[in-house]
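Q: If you scroll down you'll find the structure; I have some questions about it.
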Amino acid sequence: MVAPMSHPPAEPIRHDWTLEEVGALFALPFMDLMFRAQQVHRAHHEPNSVQLATLLSIKTGACPEDCAYCPQSVHYQTGLTRSALLEVAAVREAAGRARDAGATRFCMGAAWRSPKDRDLKVVAAMVREVRALGLETCATLGMLTPEQAAELKDAGLDYYNHNLDTSAEFYGEIITTRTYQERLDTLDAVRAAGIHVCCGGIVGMGETVTDRARLLRTLANLPQHPESVPVNRLVKVPGTPLADAPEVDPFDFVRAIAVARVLMPRAHVRLSAGREAMSDELQALCLLAGANSIFYGERLLTTGNPDVERDRQLLARLKVTAEKAHPTEAADAGPAGAGGAAAGHASCGHEASHARAS
Ligand code: SF4
């Protein structure tokens, strides 16, 4: 019997990364970066397990925002079939199927700029139903006020997803209908409500490596790291402004995952949108770089996801097992142990559309 690999001592959790330091991580020789990421990963996580989350679009399309990657935006003609907010019973049924297929977290995404109060009550009912099935809950609904965040918290929401998408400097090239600061304000509202934060971005929108470093630095220097960090690879959807975006070197995508792992050691780094187009070998490299969460089964918000059987086969070939739910685990208690993430609440969310960023 082969002895399990020993785990190196954990480096301190930091919130004071400089851009130069983050840039230097991106500039490391690939093997050195992978080794560093593995060291950090093994100090904080079970190295051969992955979290399985399932994402359901509960309201699809007709979003008034203009996110340049998103087929759900009303600004672009993508042929997307729109749908109104689902019935609570339909969501409960989908969540039950996800649970039976092995998922431990169920994410509900709605293409809104921000939810109307009457819609929020329906989503709160969905959260209660999904929680009653024993699943962790997450939602991605657009911008939230502090009051709306508190209402979702009362319903039992574990995680809220709201991505920053990219650096503050590049952001204006991608979205013009809301500001970077508005996104940060929603993250603050979610955190203040005691809900866990899921926040990441997208690689492949034409941003520079420095933009990727700036985004990850912004996340890592938040007072408390997001519990989940989705790293999406752009899905180039015909009809969107980014349909012809230049290809990203797969190794550069892996580097972004590895740097996210090094900067936010305790977070779940999620291999998110764009996975369907990746080879098994590239997905394995992403897991080696520190990704330890994937979307599983069903579909991402509007595009396909590798089917469950392919995922099962891949995980079996790698001898990677499904992680159990840890609903109250915080990624980081903040620089002084304060901060927030109130025990018992948290959550993740809406990446999707391969980036839905909401
Ligand atoms: S990413 Fe979210 S906010 Fe942006 S257009 Fe798509 S659904 Fe709307």
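Chain lettering (A, B, ...) mirrors the order of the structure tokens, residue numbering begins at 1 for each chain separately, and ligand numbering begins at 1 in order of display.
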Excluding Ser49 (chain A) and any residue of its chain fewer than 4 positions from it, enumerate the residues within 6 Å of it, using only C-alpha atoms, and give them as a PyMOL selection string.

A: chain A and resi 320-323

Q: Generate the output file for the selected residues, C-alpha atoms, as an mmCIF file, in the first residue's frame.

A:
```cif
data_model
loop_
_atom_site.group_PDB
_atom_site.id
_atom_site.type_symbol
_atom_site.label_atom_id
_atom_site.label_comp_id
_atom_site.auth_asym_id
_atom_site.auth_seq_id
_atom_site.Cartn_x
_atom_site.Cartn_y
_atom_site.Cartn_z
ATOM 1 C CA VAL A 320 -11.029 11.628 -7.803
ATOM 2 C CA THR A 321 -14.046 11.329 -5.553
ATOM 3 C CA ALA A 322 -16.995 13.603 -4.840
ATOM 4 C CA GLU A 323 -16.623 15.905 -1.872
#
```

Q: Please report, as a Markdown table, each residue of region 178-221 of chain A lying at most 7 Å from region 159-167 of chain A, together with the nearest pair of atoms and the separation in Å rounded to one decimal; use only C-alpha atoms, and order rows by chain and ascending residue number.

A:
```
| residue | atom | partner | partner_atom | distance |
| --- | --- | --- | --- | --- |
| A:Arg183 | CA | A:Leu164 | CA | 6.5 |
| A:Leu187 | CA | A:His162 | CA | 6.9 |
| A:Val190 | CA | A:Tyr160 | CA | 7.0 |
| A:Ile195 | CA | A:Tyr159 | CA | 5.6 |
| A:His196 | CA | A:Tyr159 | CA | 4.6 |
| A:Val197 | CA | A:Tyr160 | CA | 5.4 |
| A:Cys198 | CA | A:Asn161 | CA | 4.4 |
| A:Cys199 | CA | A:Asn163 | CA | 4.4 |
| A:Gly200 | CA | A:Asn163 | CA | 4.9 |
| A:Gly201 | CA | A:Asp165 | CA | 3.7 |
| A:Ile202 | CA | A:Asp165 | CA | 5.4 |
| A:Asp211 | CA | A:Ser167 | CA | 5.1 |
| A:Arg212 | CA | A:Ser167 | CA | 6.7 |
| A:Arg214 | CA | A:Ser167 | CA | 5.4 |
| A:Leu215 | CA | A:Ser167 | CA | 4.4 |
```

Q: Would you mind telling me which residue in A:Ile174, A:Val127, A:Ala155, A:Leu85 lies nearest to ligand 1 when using only C-alpha atoms and all ligand atoms?

A: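 Among the listed residues, A:Ile174 lies closest to ligand 1.
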
Q: Please list as a ChimeraX atom specification every residue within 7 Å of Arg270 (chain A), counting only C-alpha atoms and excluding residues in the same chain fewer than 6 positions away.

A: /A:228-231,291-294

Q: Let me see the file: selected residues, N, CA and C atoms, as a tab-separated table (two decimals), in the first residue's frame.

A:
```tsv
chain	number	residue	atom	x	y	z
A	228	SER	N	-16.04	30.56	-2.81
A	228	SER	CA	-15.95	29.90	-4.11
A	228	SER	C	-15.44	30.90	-5.13
A	229	VAL	N	-14.53	30.43	-5.98
A	229	VAL	CA	-13.97	31.30	-7.03
A	229	VAL	C	-14.11	30.59	-8.37
A	230	PRO	N	-15.16	30.88	-9.11
A	230	PRO	CA	-15.28	30.27	-10.43
A	230	PRO	C	-14.32	30.91	-11.42
A	231	VAL	N	-13.62	30.08	-12.14
A	231	VAL	CA	-12.76	30.56	-13.23
A	231	VAL	C	-13.36	30.01	-14.52
A	291	ALA	N	-8.04	23.46	-9.07
A	291	ALA	CA	-9.50	23.49	-9.15
A	291	ALA	C	-10.06	22.31	-8.37
A	292	ASN	N	-11.07	22.55	-7.58
A	292	ASN	CA	-11.66	21.45	-6.81
A	292	ASN	C	-13.18	21.56	-6.73
A	293	SER	N	-13.76	22.10	-7.77
A	293	SER	CA	-15.21	22.15	-7.87
A	293	SER	C	-15.55	22.20	-9.35
A	294	ILE	N	-16.58	21.49	-9.72
A	294	ILE	CA	-17.04	21.55	-11.12
A	294	ILE	C	-18.56	21.60	-11.14
```

Q: Please provide the set of residues having any atom within 7 Å of region 218-221 of chain A, restricted to only C-alpha atoms, with same-chain residues fewer than 2 positions apart removed, written as a ChimeraX atom specification.

A: /A:15-17,214-216,223,225,263-264

Q: Taking the DSSP secondary structure from the backbone, can you list the residues of region 102-335 of chain A that are helix (DSSP H, G or I), as number ranges by chain?

A: A: 117-132, 146-155, 168-171, 180-192, 209-220, 250-263, 275-277, 280-288, 308-318

Q: Would you return as a PyMOL selection string the members of region 88-308 of chain A that DSSP assigns to strand (DSSP E or B) on this structure's backbone?

A: chain A and resi 105-110+136-140+159-161+165+196-198+201-203+228-233+268-271+293-295

Q: Do you know which residues are at most 12 Å from Glu20 (chain A) counting only C-alpha atoms, after dropping those on the same chain fewer than 4 positions away, and could you put them as a PyMOL selection string?

A: chain A and resi 16+24-27+210+213-214+217

Q: Using C-alpha atoms, can you write the selected residues to a file as a CSV table (one decimal), in the first residue's frame?

A:
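Below is the file out-v3.csv, written as the result:
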```
chain,number,residue,atom,x,y,z
A,16,ASP,CA,-2.1,42.3,0.9
A,24,ALA,CA,5.4,37.2,-10.8
A,25,LEU,CA,3.2,34.1,-10.1
A,26,PHE,CA,1.8,34.3,-13.6
A,27,ALA,CA,5.3,34.6,-15.0
A,210,THR,CA,-2.1,41.8,-16.2
A,213,ALA,CA,-3.6,39.4,-12.3
A,214,ARG,CA,-5.6,42.5,-11.3
A,217,ARG,CA,-5.6,40.4,-6.8
```

Q: Considering only C-alpha atoms and all ligand atoms, state which residue in the set A:Glu151, A:Glu309, A:Asp66, A:Asp244 is at the smallest distance from ligand 1.

A: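 Residue with the minimum atom-to-atom distance to ligand 1: A:Asp66.
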
Q: Using only C-alpha atoms and all ligand atoms, which of A:Phe170, A:Tyr180, A:Tyr69, A:Phe295 sits nearest ligand 1?

A: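 Of A:Phe170, A:Tyr180, A:Tyr69, A:Phe295, the one nearest ligand 1, counting only C-alpha atoms and all ligand atoms, is A:Tyr69.
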
Q: Return the single residue from A:Lys59, A:His75, A:Arg275, A:Arg105 that is closest to Val123 (chain A), with distances computed using only C-alpha atoms.

A: A:Lys59
